[in-house]
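> Pasting a structure here, questions to come.
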Amino acid sequence: MTVSILAPEIILSLAGIVVLLLSTISSKIKNLLFFISTTAAGAALYFLPFPTRTAGHLEISHTTKFFSILTIIALIITLLGSIEYTSKINSPPGEYIAILLWATVGILLFLKARDFILLFVALELFSICLYILVGYNTDSPLSIEGALKYFLMGAFASAFLSLGIAFIYGETSFTRFQQISHALARNGNMNAELIYIATVLILSVLFFKLAAAPFHSWSPDTYQGGVTPFIAFLSTAPKAAVLLVLIKFLPVILSLPNVTEYYRRIIELVAILSIVIGNVLAFQQLDIKRMLAYSGIAHVGYMLIPLVTLDLKSYAAPVAVYSLAYIIMNSAAFILVDYIFQNDNKPHLIEELAGIGYKYPLAAFSLTVLLISLTGLPPTLGFIGKYFVFLYALANGLLHLAIIGIVFSLVGAGYYLRVIYFLYMKQDDHQLSQKGNPFSLLVSSICALFVIVLGIYPSLVTDWIVMNIR
Amino acid sequence: MTSLIAIVLLPFLGAVVNGILSFSNSKRAVTFTALATTGGSLVIALYTIWRYLTELSPQPIEYVLYKWLEKPLEIQISFLLDPLSAIMLFVVTFVGFFIHLYSTGYMSDDEGYGRYFAYLNLFMGMMLLLILGSNLLVTFIGWEGVGLCSYLLIGFYYKQDEPPRASMKAFVVNRIGDFAFLIAIFISFAHFATLEYREILNAIATNQQLQDTVYIFGLTLPALLALLLFIAATGKSAQLPLYVWLPDAMAGPTPVSALIHAATMVTAGVYLLTRTNLLFQLSPNILKLVTLISVATAFMAASIAIAQRDIKKVLAYSTVSQLGYMFLAAGVGAFVVSIFHLFTHAFFKALLFLGSGSVIHAMEGEQDIYKMGGLKQHLPHTYITFLIGTLAIAGFPPLAGFFSKDAILAYTYDHSKAIYFIGLITAGLTSFYMFRMFILTFHGEFRGTEEQRKHLHESPPSMTLPLWILAIGSAFVGFIGKIPFTHYDLFGKILSPVIVKLEEKAVHHDVLHEVLLITLSVVAALLGLVAAKVLYSQGPTGDERLKSIITAPLYTLLKGKYFVDELYTFVIVTPLRTTANILWRFVDQLIIDGTLHLAAGIVQLISALGSFTTTGNLRNYMLYFVIGIILLIAYTVG
Amino acid sequence: MVEYLPIIIGVGLAFIVAGIIMLISWLMGPKRPYRTKLTPYESGMPILDASRKRIPVAFFLIALDFVVFDVESAFLFPWALTVRNSGTTEFISGITFIVVAVVVGYLYVYLKGGFDIYKGNSENVK
């Protein structure tokens, strides 16, 4: 029986239900709800199944376990960072927490999926939850605009996904990855062009969920308007999950003969476009959330670089290291943006950060650390991530990608360090509101600490990753 | 050797805690943290050193804390305990702790108390990294770290005009040396794919071809590395031509001058030379350069010191001169003696600086020795300890300075008679300027204001205790070195595994020679003492008589510090400014700015195009999505 | 494309048959238009009010709840057909589904006041 395999999902689902029911009883138990949900997340982390490589619909391996851990970490960061936020908006906190938990359930299932049906259902489960949460701040037109755009684009993309799956099913009459892979390798009298187009459709949808260029157009609007602490989740967990699915999906489609080079070129093009477009457009942004959205596009580009090798045995490790770095630093950065700005109903202008370094010393210092890490300077985790990616690229003869990546990292330094410049070098002429929630500050400071500790002592995690993730 | 980690981490911990405490006003907590961390570090260090040196045959111990990055860019944070680093460890923790103790008294009225100790603790941690690092990189981290702390502490009184300027000068001048250090690191890594001292030195020692082949500019690889490391050392250890920052660095608090700019940081260059002594021994030309530069530095700084009025400036030039002695010893191949002089110098120079701090404390910040005098009665403890320090630095037997300086001169005598005589004259000058300062400060009539006279008082025990400890050290540590007329040499025995012996060149003087050499150096010191006594027993008017003896132009030259600062301003700074101005006008504004504006324009254009696509219209976004898919298919298939 | 021919023929037939029926009724039906016949109800009953009136949103909410529960009950249908022949796992899964989706969902909507139209209108906006 697979109940123990699904223990984290079951725990989180039940916790969602409990939170939902409790929230109807009284409106004064918000902290209890957050306590329950955080505990459930901790329990889910504890009950993550031992890697056994189970066959069937579900894959349980070290890799899925690692990405599940990343997802739950993002969940915990988001939960702790949302406590203050949910009491300020005009929508009840119970649903927010429950939907967030269910989104996590969807992502966890998505990670484990080895079957297109389950993949699609899980994708829709977390996608719909994400659509709702982006627009959870119903007071803000920006929030609703972002949610609506994300929803309509997402529905549009889902149509392509189901079309791609349908094509593949039509040609192979299988939905399970392994069987499809066998069928493709045997290559009976199938329509290879149709299958190729189907795989490109599926890849496109995955790139869309990653917000990789040229499928990125939704992300700046969505991030800018969306509920800030929730964007900490949206910008990290689904991206890492989709990357893992990409890692699992590539071996399947590579069974298709004669088109390997095509896939390499697709991923290469998307990676380069993401790095270039993300970094160049991030430079122009005045709103820090938009800036982080574009820089997130660039980060996806970096994470795609190892996949260009199509070396199924080794490309997962650098992606995993980078994902770890990205999840911690990006989610904590959004939490800090919310902590510092407090008001989500107007734009989060970078120039309003002037003098924050002296007003909220710890918050500004943590944000500085995170931004330095996002830039990729040592001794931070962000540097380790980039180091692994570029080293891998160089070792596999992708010199041009490494050069493009490094050159545009320098562009990245321009806009990240500009924020630090505003934090410390500019005089304080704006009045920002009262102190935020200590939990937001606590969780993001811990993240900043982790970023430094793991930057100084990376082998704490990288040794394990290099050994187990493939 | 987990104790090494504790030794290094404790001061860092103290720095963090004090940094946080500096926001509160709890001086007691700061005092406790500072003393507990450095004291703990000292105790553990003493225990570790004792355990290590009492082993029958101490082998170098490497402790890899962890690997930061794996191969191919293998960088590890690792520590090395060998006799050399053990001795340095002793100096840094011992002197460091007592200067911390002293500082609790000296800085007690300062509003930046917490900040001061945060910096000072950070300095201790960085200095320990420097001396304990087992590879060039860890040493370099410490090297830059102590440079940073030095910068912060010189500029500690940032509200005045002079300190920030001096700190900037120190930083900029040091950068020149650091640059050479960095190049040395890059070259080592390029050739040996490692930064570990042991591996690099092994690779060089076992590769005869490497030692003989000319690498670049007529230098072999070891010689090039030695030259670069020596340039790095001239910056940090204030040798010609980069010594100019050290006298200005006296703008910082006096205990800082004692710890950083006398006892520990400035000796890092000597340490570095000894650590890589194989490179130097393989390149005689570089050693010759070291000898020449060091003896010139020693003499020049000593001669400047005789005409200075500021008590700390005299001591600063004295430090430069003594560092010259250390490099001189290294230059003639006597690395053991070099470290031995470093060891004794740390005691008596720290003592002298702390004593001067006690004087300045009593005189309410007055540093001009013309305005002192007769402090003997008011500051008895300071007086006696200062006297011991002065005798020690002047080289009177049996104090510490005598042993180390005599050993240096003896080795130099073997090497070159001319250099020996310059060294001897410098020793006489040292004695002269020290006693000049001593007499002007403590003897004769009090020349300060009435207000200062009322304020005169002996310093609190927290300040006099370190003075006494260091005075005892200055008096007796000489005996662990080579004792004249005997073969007893504890220091040399301890250090011998570290020093590579390419050829046997120990000094075997007959007794007659040895007596001659010792007599000469004692006579030189005595002459200096007598001259100072004769000239200055009537107070500062002695300077007029000195001027008439050595002729006015020479005196002006000395008083003006050979006008090196002015020379640098004229030769380097002004042309640099002019060039910079021209570059700014034409290259920068015209070419670079033009290019940048063009690039910015292009980026603007791209961004405008980008913004054009970011319409915010959903139908456009959906169109992009479809175009994206078509693009992917067309790009691959088409 | 040959295999799709029957479908195309079928679709074509459907259109043709429908068109023919409409054509026949239009040709053969009697056409006697007069004022009363042309009113919306073709019987002389007057229109009382505008037909596109605004309806309280609570109706829609209840309608949505109904659709959700209706769809959920539709899921039960195949389960009920097969549960007899399958094992306990399937039985437990079905029961869990009923409990979680239907009972808990109903409970939640009830606790939120979703079935209380008038109360819901005034208070449950929050």
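Chain lettering (A, B, ...) mirrors the order of the structure tokens, residue numbering begins at 1 for each chain separately, and ligand numbering begins at 1 in order of display.
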Within 12 Å of C:Val104, counting only C-alpha atoms, which residues show up once you throw out same-chain ones fewer than 3 positions away? Write them as an NGL selection string, please.
(:A and (14 or 16-22)) or (:C and (69 or 96-101 or 107-111))
> Taking only C-alpha atoms into account, produce a table as JSON lines in which each residue of chain B with an atom at most 8 Å from an atom of chain A appears once, together with its shortest atom pair and the distance in Å to one decimal, ordered by chain and rising number.

```
{"residue": "B:Tyr66", "atom": "CA", "partner": "A:Tyr457", "partner_atom": "CA", "distance": 7.3}
{"residue": "B:Lys67", "atom": "CA", "partner": "A:Ser459", "partner_atom": "CA", "distance": 7.3}
{"residue": "B:Trp68", "atom": "CA", "partner": "A:Tyr457", "partner_atom": "CA", "distance": 5.9}
{"residue": "B:Leu69", "atom": "CA", "partner": "A:Pro458", "partner_atom": "CA", "distance": 7.6}
{"residue": "B:Val603", "atom": "CA", "partner": "A:Val280", "partner_atom": "CA", "distance": 7.3}
{"residue": "B:Ser607", "atom": "CA", "partner": "A:Leu281", "partner_atom": "CA", "distance": 6.0}
{"residue": "B:Gly610", "atom": "CA", "partner": "A:Leu281", "partner_atom": "CA", "distance": 7.0}
{"residue": "B:Thr614", "atom": "CA", "partner": "A:Ser217", "partner_atom": "CA", "distance": 7.1}
{"residue": "B:Gly616", "atom": "CA", "partner": "A:Asp221", "partner_atom": "CA", "distance": 7.3}
{"residue": "B:Leu618", "atom": "CA", "partner": "A:Lys149", "partner_atom": "CA", "distance": 6.4}
{"residue": "B:Tyr621", "atom": "CA", "partner": "A:Ser217", "partner_atom": "CA", "distance": 6.0}
{"residue": "B:Met622", "atom": "CA", "partner": "A:Met153", "partner_atom": "CA", "distance": 6.7}
{"residue": "B:Tyr624", "atom": "CA", "partner": "A:Phe215", "partner_atom": "CA", "distance": 7.2}
{"residue": "B:Phe625", "atom": "CA", "partner": "A:Phe215", "partner_atom": "CA", "distance": 5.6}
{"residue": "B:Gly628", "atom": "CA", "partner": "A:Pro214", "partner_atom": "CA", "distance": 5.7}
{"residue": "B:Ile629", "atom": "CA", "partner": "A:Ser204", "partner_atom": "CA", "distance": 6.3}
{"residue": "B:Leu632", "atom": "CA", "partner": "A:Ile266", "partner_atom": "CA", "distance": 6.2}
{"residue": "B:Ile633", "atom": "CA", "partner": "A:Val200", "partner_atom": "CA", "distance": 7.1}
{"residue": "B:Tyr635", "atom": "CA", "partner": "A:Ile266", "partner_atom": "CA", "distance": 7.8}
{"residue": "B:Thr636", "atom": "CA", "partner": "A:Tyr262", "partner_atom": "CA", "distance": 5.2}
{"residue": "B:Val637", "atom": "CA", "partner": "A:Tyr262", "partner_atom": "CA", "distance": 7.3}
```
> Can you spit out the residues from that selection as a short mmCIF file (atom, residue, chain, number, x, y, z; two decimals), in the first residue's frame, using N, CA and C atoms?

```cif
data_model
loop_
_atom_site.label_atom_id
_atom_site.label_comp_id
_atom_site.auth_asym_id
_atom_site.auth_seq_id
_atom_site.Cartn_x
_atom_site.Cartn_y
_atom_site.Cartn_z
N TYR B 66 38.01 22.72 6.60
CA TYR B 66 37.13 22.17 5.59
C TYR B 66 37.60 22.64 4.24
N LYS B 67 37.08 21.94 3.22
CA LYS B 67 37.36 22.36 1.85
C LYS B 67 36.23 23.26 1.40
N TRP B 68 36.60 24.44 0.93
CA TRP B 68 35.55 25.35 0.46
C TRP B 68 35.04 24.87 -0.89
N LEU B 69 35.95 24.69 -1.82
CA LEU B 69 35.56 24.22 -3.13
C LEU B 69 36.44 23.02 -3.47
N VAL B 603 21.16 49.90 -24.64
CA VAL B 603 20.34 49.19 -23.65
C VAL B 603 18.97 49.85 -23.54
N SER B 607 15.62 48.10 -24.14
CA SER B 607 14.60 48.12 -23.10
C SER B 607 13.32 48.72 -23.60
N GLY B 610 11.80 46.21 -25.37
CA GLY B 610 11.27 45.27 -24.39
C GLY B 610 9.99 45.79 -23.78
N THR B 614 6.15 44.54 -23.48
CA THR B 614 5.45 44.38 -22.21
C THR B 614 4.26 45.31 -22.19
N GLY B 616 1.20 44.66 -21.27
CA GLY B 616 0.21 44.44 -20.23
C GLY B 616 -1.08 43.90 -20.81
N LEU B 618 -3.29 41.06 -22.34
CA LEU B 618 -3.26 39.62 -22.28
C LEU B 618 -3.19 39.00 -23.67
N TYR B 621 0.24 38.81 -24.84
CA TYR B 621 1.00 37.78 -24.15
C TYR B 621 0.71 36.41 -24.74
N MET B 622 -0.57 36.16 -25.00
CA MET B 622 -0.93 34.86 -25.56
C MET B 622 -0.31 34.70 -26.94
N TYR B 624 2.49 36.04 -27.87
CA TYR B 624 3.91 35.73 -27.67
C TYR B 624 4.09 34.25 -27.38
N PHE B 625 3.17 33.73 -26.60
CA PHE B 625 3.26 32.31 -26.24
C PHE B 625 3.26 31.45 -27.50
N GLY B 628 6.27 31.97 -29.49
CA GLY B 628 7.38 31.26 -28.86
C GLY B 628 7.42 29.81 -29.29
N ILE B 629 6.27 29.16 -29.27
CA ILE B 629 6.24 27.74 -29.66
C ILE B 629 6.67 27.60 -31.12
N LEU B 632 10.34 28.03 -31.47
CA LEU B 632 11.13 26.86 -31.08
C LEU B 632 11.13 25.81 -32.18
N ILE B 633 9.94 25.57 -32.72
CA ILE B 633 9.87 24.54 -33.75
C ILE B 633 10.61 24.97 -35.00
N TYR B 635 13.01 27.15 -35.23
CA TYR B 635 14.45 27.26 -34.97
C TYR B 635 15.13 25.90 -35.07
N THR B 636 14.42 24.87 -34.62
CA THR B 636 15.07 23.56 -34.64
C THR B 636 14.88 22.86 -35.98
N VAL B 637 13.65 22.84 -36.45
CA VAL B 637 13.39 22.07 -37.66
C VAL B 637 13.82 22.85 -38.90
#
```
> How many Å lie between atom CA of C:Ile9 and atom CA of A:Gly170, rounded to one decimal?
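According to the coordinates, atom CA of C:Ile9 and atom CA of A:Gly170 are separated by 23.1 Å.
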> From the set C:Gly105, C:Asp116, C:Ile8, C:Phe66, which residue has the shortest atom-to-atom contact distance to chain A, counting only C-alpha atoms?
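Of C:Gly105, C:Asp116, C:Ile8, C:Phe66, the one nearest chain A is C:Gly105, counting only C-alpha atoms.
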> Env of B:Gln211: 12 Å cut, atoms = only C-alpha atoms, seq-sep filter 5 positions within chain, self excluded. Answer as a PyMOL selection string.
chain B and resi 201+203-206+219-225+278-284
> For A:Leu130, find every residue with an atom within 8 Å (counting only C-alpha atoms), except residues of its own chain fewer than 5 positions away, and show them as an MDAnalysis selection string.
chainID A and resid 100 103 234
> Those residues with C-alpha atoms, as a short mmCIF file (atom, residue, chain, number, x, y, z; two decimals), in the first residue's frame please?

```
data_model
loop_
_atom_site.label_atom_id
_atom_site.label_comp_id
_atom_site.auth_asym_id
_atom_site.auth_seq_id
_atom_site.Cartn_x
_atom_site.Cartn_y
_atom_site.Cartn_z
CA LEU A 100 -1.20 27.25 0.17
CA ALA A 103 -0.72 23.96 -3.60
CA LEU A 234 5.28 31.27 -6.41
#
```
> Between chain A and chain C, at 7 Å or less, what are the per-residue closest atom pairs and their distances in Å? Count only C-alpha atoms, order by chain and rising residue number, and return it as a tab-separated table.

```
residue	atom	partner	partner_atom	distance
A:Leu21	CA	C:Tyr108	CA	6.0
A:Thr24	CA	C:Leu111	CA	6.0
A:Asn90	CA	C:Lys126	CA	7.0
A:Ser91	CA	C:Lys126	CA	6.7
```
> Keeping only N, CA and C atoms, write those residues as a compact mmCIF listing (two decimals), in the first residue's frame.

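For reference, selection-v2.txt as written:
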```txt
# COMPACT_ATOMS: atom_id res chain seq x y z
N LEU A 21 -11.61 24.38 8.52
CA LEU A 21 -12.76 24.27 9.40
C LEU A 21 -12.58 25.14 10.64
N THR A 24 -13.43 28.83 10.41
CA THR A 24 -14.81 29.28 10.40
C THR A 24 -15.34 29.48 11.81
N ASN A 90 -8.20 42.05 3.32
CA ASN A 90 -9.63 41.95 3.54
C ASN A 90 -10.15 40.55 3.25
N SER A 91 -9.29 39.55 3.25
CA SER A 91 -9.72 38.18 2.99
C SER A 91 -9.28 37.31 4.15
```
> Give me every alpha helix (DSSP H) residue in stretch 374-469 of chain A, going by DSSP on the backbone, as a ChimeraX atom specification.
/A:374-375,381-395,399-425,438-456,459-468
> Please, what distance in Å, to one decimal, runs between atom CA of B:Leu315 and atom CA of B:Asp543?
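Here the two named atoms are 17.7 Å from each other.
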> Residues near A:Ser173, anyone? I mean within 12 Å using only C-alpha atoms, not counting same-chain ones fewer than 6 positions away, as a list in words.
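Using only C-alpha atoms, the neighbours found are Phe116, Ile165, Ala166, Phe167, Gln179, Ile180, Ser181, His182, Ala183, Leu184 and Met190 of chain A.
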> Between B:Tyr383, B:Phe23, B:Phe79, B:Trp584, which residue has the minimum interatomic distance to B:Glu196, considering only C-alpha atoms?
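Among the listed residues, the smallest separation from B:Glu196 belongs to B:Phe79.
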> Write out as an MDAnalysis selection string which residues come within 10 Å of stretch 443-449 of chain A when counting only C-alpha atoms, dropping same-chain ones fewer than 6 positions away.
chainID A and resid 76:81 327:336 339 362:371 373 380:381 455
> Just to confirm, what's the straight-line distance from atom CA of B:Ser167 to atom CA of B:Tyr151 in Å (one decimal)?
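Separation between atom CA of B:Ser167 and atom CA of B:Tyr151: 4.9 Å.
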> Give the answer as one residue: which of B:Asp414, B:Asp489, B:Asp406, B:Glu445 has the shortest atom-to-atom distance to B:Thr519, using only C-alpha atoms?
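Distance minimum relative to B:Thr519 lands on B:Asp406.
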> Compile the contact shell of stretch 306-312 of chain A as a list in words: residues with an atom at most 9 Å away, counting only C-alpha atoms, same-chain residues fewer than 5 positions apart removed.
Leu246, Ile247, Lys248, Leu250, Pro251, Leu254, Thr260, Tyr263, Arg264, Arg265, Ile266, Ile267, Glu268, Ala271, Ala317, Pro318, Val319, Val389, Phe390, Tyr392, Ala393, Asn396, Gly397, Leu398 and Arg470 of chain A
